[in-house]
Amino acid sequence: MRLFWPAVLMVATSCGLAEEGTQPVVTGAVGSKPIVAIPKGDPARTSRITVLSEGSGRRTLPGDVVLADVDIRRWSGNQPYLSTYDANQPTTVVFDGRQVAETWRRSLIGHPAGSRVMLVGPAAEALGPDVPVTGVAPADTLVVVFDILGGYPPDARLIGRALPVVPADLTPAAPPRTLIDGSGREIVAGSKVVVQYVAAAWPSRLVVDSSYRRGGPAAYPLKPGAVPPAWLSALVGQRVGCRLVVPSPGEEPRLYVIDVLDTITQA
């Protein structure tokens, strides 16, 4: 399993207690940062997985790339540890046949897109192998809330289309260009887009980033700071299934070719 995490580690404290019981209480809409209240009692010694809300999308399958927003906190003191909502970047979990923690597999595989799943257990079991480990001991109990955006095949692409190639005549000063029109749902500002893409440096045109090379699709919120500024104006108003060429000028100019596989509008 490979995890791609935003470089953000939350260490601030939070307040809130649940009524006496063995399970945290999670409130808030799926797709928004969960509000977690911790019981006054001690946690159970074994890991527990609870489906808090079942979505209506496609069920994730073994071998999928699973895209999810994840909120992790320590049971003790209800201390936030890491949240993709704070980083404004969902995580990508690649189930590619390697050793996978059973708790993560059960939390993410077999559930419909749009589901919210809670994992409570010791850090040794509740953290994926590539999640940053700072200030937490293996025996510390963690509360992990997953909002599953969806599962996609690692080689997901526009049906019947070849892999994207950066056009030879493209420059960073050029306007965005539509190579393939989409016919799916319209992309709106603030939504998340699920994409495959390639990015080339300018002027060398060498590919410096590719979702295909990194393991499969990724999800990005269309918000300032979460994606290159050029993506915002280029993608909003397009439809799922499109392929766009998006030049991105700046100190390190990039030339992007983006295939939009899906869009997710949540709270």
# chains A, B, ... in the order shown; residues from 1 in each chain; ligands from 1
>>> residues_around(residues="Ala126 (chain A)", least_positions_apart="4", cutoff="10 Å", atoms="only C-alpha atoms", output="PyMOL selection string")
chain A and resi 47-48+72+101-104+119-122+138+140-144
>>> residues_around(residues="region 180-196 of chain A", least_positions_apart="3", cutoff="6 Å", atoms="only C-alpha atoms", output="list in words")
Ser211, Pro217, Ala218, Ala219, Tyr220, Pro221, Leu222, Lys223, Val236, Gly237, Gln238, Arg239, Val240, Gly241, Cys242, Arg243, Asp259, Val260, Leu261, Asp262, Thr263, Ile264 and Thr265 of chain A
>>> write_last_selection(atoms="N, CA and C atoms", output="PDB file, in the first residue's frame")
ATOM      1  N   SER A 211       0.379  11.279 -12.785  1.00  0.00           N
ATOM      2  CA  SER A 211      -0.420  10.430 -11.902  1.00  0.00           C
ATOM      3  C   SER A 211      -0.320   8.971 -12.319  1.00  0.00           C
ATOM      4  N   PRO A 217      -5.233   7.659 -10.201  1.00  0.00           N
ATOM      5  CA  PRO A 217      -5.927   8.946 -10.077  1.00  0.00           C
ATOM      6  C   PRO A 217      -5.710   9.609  -8.729  1.00  0.00           C
ATOM      7  N   ALA A 218      -5.886  10.919  -8.717  1.00  0.00           N
ATOM      8  CA  ALA A 218      -5.822  11.704  -7.490  1.00  0.00           C
ATOM      9  C   ALA A 218      -6.997  12.664  -7.470  1.00  0.00           C
ATOM     10  N   ALA A 219      -7.386  13.093  -6.265  1.00  0.00           N
ATOM     11  CA  ALA A 219      -8.494  14.035  -6.105  1.00  0.00           C
ATOM     12  C   ALA A 219      -7.956  15.364  -5.600  1.00  0.00           C
ATOM     13  N   TYR A 220      -8.488  16.444  -6.145  1.00  0.00           N
ATOM     14  CA  TYR A 220      -8.076  17.783  -5.739  1.00  0.00           C
ATOM     15  C   TYR A 220      -9.305  18.669  -5.579  1.00  0.00           C
ATOM     16  N   PRO A 221      -9.390  19.432  -4.487  1.00  0.00           N
ATOM     17  CA  PRO A 221     -10.472  20.413  -4.366  1.00  0.00           C
ATOM     18  C   PRO A 221     -10.156  21.633  -5.215  1.00  0.00           C
ATOM     19  N   LEU A 222     -11.154  22.125  -5.907  1.00  0.00           N
ATOM     20  CA  LEU A 222     -10.958  23.308  -6.740  1.00  0.00           C
ATOM     21  C   LEU A 222     -11.098  24.548  -5.876  1.00  0.00           C
ATOM     22  N   LYS A 223     -10.050  24.777  -5.076  1.00  0.00           N
ATOM     23  CA  LYS A 223      -9.994  25.918  -4.176  1.00  0.00           C
ATOM     24  C   LYS A 223      -8.615  26.545  -4.281  1.00  0.00           C
ATOM     25  N   VAL A 236     -13.377  24.797 -14.031  1.00  0.00           N
ATOM     26  CA  VAL A 236     -14.750  25.147 -13.658  1.00  0.00           C
ATOM     27  C   VAL A 236     -15.573  25.388 -14.920  1.00  0.00           C
ATOM     28  N   GLY A 237     -16.727  24.727 -14.999  1.00  0.00           N
ATOM     29  CA  GLY A 237     -17.601  24.846 -16.158  1.00  0.00           C
ATOM     30  C   GLY A 237     -17.408  23.741 -17.178  1.00  0.00           C
ATOM     31  N   GLN A 238     -16.300  22.994 -17.082  1.00  0.00           N
ATOM     32  CA  GLN A 238     -16.100  21.845 -17.949  1.00  0.00           C
ATOM     33  C   GLN A 238     -16.946  20.669 -17.448  1.00  0.00           C
ATOM     34  N   ARG A 239     -16.903  19.560 -18.179  1.00  0.00           N
ATOM     35  CA  ARG A 239     -17.682  18.387 -17.798  1.00  0.00           C
ATOM     36  C   ARG A 239     -16.786  17.161 -17.672  1.00  0.00           C
ATOM     37  N   VAL A 240     -17.219  16.238 -16.822  1.00  0.00           N
ATOM     38  CA  VAL A 240     -16.481  14.994 -16.630  1.00  0.00           C
ATOM     39  C   VAL A 240     -16.306  14.311 -17.985  1.00  0.00           C
ATOM     40  N   GLY A 241     -15.106  13.801 -18.208  1.00  0.00           N
ATOM     41  CA  GLY A 241     -14.788  13.160 -19.478  1.00  0.00           C
ATOM     42  C   GLY A 241     -13.975  14.038 -20.400  1.00  0.00           C
ATOM     43  N   CYS A 242     -13.698  15.264 -19.968  1.00  0.00           N
ATOM     44  CA  CYS A 242     -12.934  16.174 -20.818  1.00  0.00           C
ATOM     45  C   CYS A 242     -11.439  15.938 -20.656  1.00  0.00           C
ATOM     46  N   ARG A 243     -10.687  16.356 -21.660  1.00  0.00           N
ATOM     47  CA  ARG A 243      -9.229  16.420 -21.593  1.00  0.00           C
ATOM     48  C   ARG A 243      -8.823  17.846 -21.926  1.00  0.00           C
ATOM     49  N   ASP A 259      -6.959  14.827 -17.611  1.00  0.00           N
ATOM     50  CA  ASP A 259      -8.161  14.052 -17.922  1.00  0.00           C
ATOM     51  C   ASP A 259      -9.044  14.039 -16.685  1.00  0.00           C
ATOM     52  N   VAL A 260     -10.267  14.529 -16.803  1.00  0.00           N
ATOM     53  CA  VAL A 260     -11.187  14.581 -15.670  1.00  0.00           C
ATOM     54  C   VAL A 260     -12.040  13.321 -15.666  1.00  0.00           C
ATOM     55  N   LEU A 261     -11.846  12.470 -14.635  1.00  0.00           N
ATOM     56  CA  LEU A 261     -12.560  11.206 -14.524  1.00  0.00           C
ATOM     57  C   LEU A 261     -13.851  11.310 -13.740  1.00  0.00           C
ATOM     58  N   ASP A 262     -13.901  12.272 -12.814  1.00  0.00           N
ATOM     59  CA  ASP A 262     -15.075  12.355 -11.947  1.00  0.00           C
ATOM     60  C   ASP A 262     -15.061  13.714 -11.254  1.00  0.00           C
ATOM     61  N   THR A 263     -16.190  14.116 -10.742  1.00  0.00           N
ATOM     62  CA  THR A 263     -16.279  15.313  -9.891  1.00  0.00           C
ATOM     63  C   THR A 263     -17.152  14.975  -8.707  1.00  0.00           C
ATOM     64  N   ILE A 264     -16.803  15.513  -7.558  1.00  0.00           N
ATOM     65  CA  ILE A 264     -17.497  15.209  -6.305  1.00  0.00           C
ATOM     66  C   ILE A 264     -17.872  16.513  -5.639  1.00  0.00           C
ATOM     67  N   THR A 265     -19.140  16.724  -5.468  1.00  0.00           N
ATOM     68  CA  THR A 265     -19.636  17.921  -4.792  1.00  0.00           C
ATOM     69  C   THR A 265     -20.182  17.507  -3.455  1.00  0.00           C
TER      70      THR A 265
END
>>> residues_around(residues="region 50-56 of chain A", least_positions_apart="3", cutoff="8 Å", atoms="only C-alpha atoms", output="ChimeraX atom specification")
/A:30,111-119
>>> closest_residue(among="A:Phe95, A:Gly63, A:Val246, A:Lys33", to="Leu82 (chain A)", atoms="only C-alpha atoms")
A:Lys33
>>> closest_residue(among="A:Val198, A:Val166, A:Leu61, A:Leu108", to="Val93 (chain A)", atoms="only C-alpha atoms")
A:Leu108
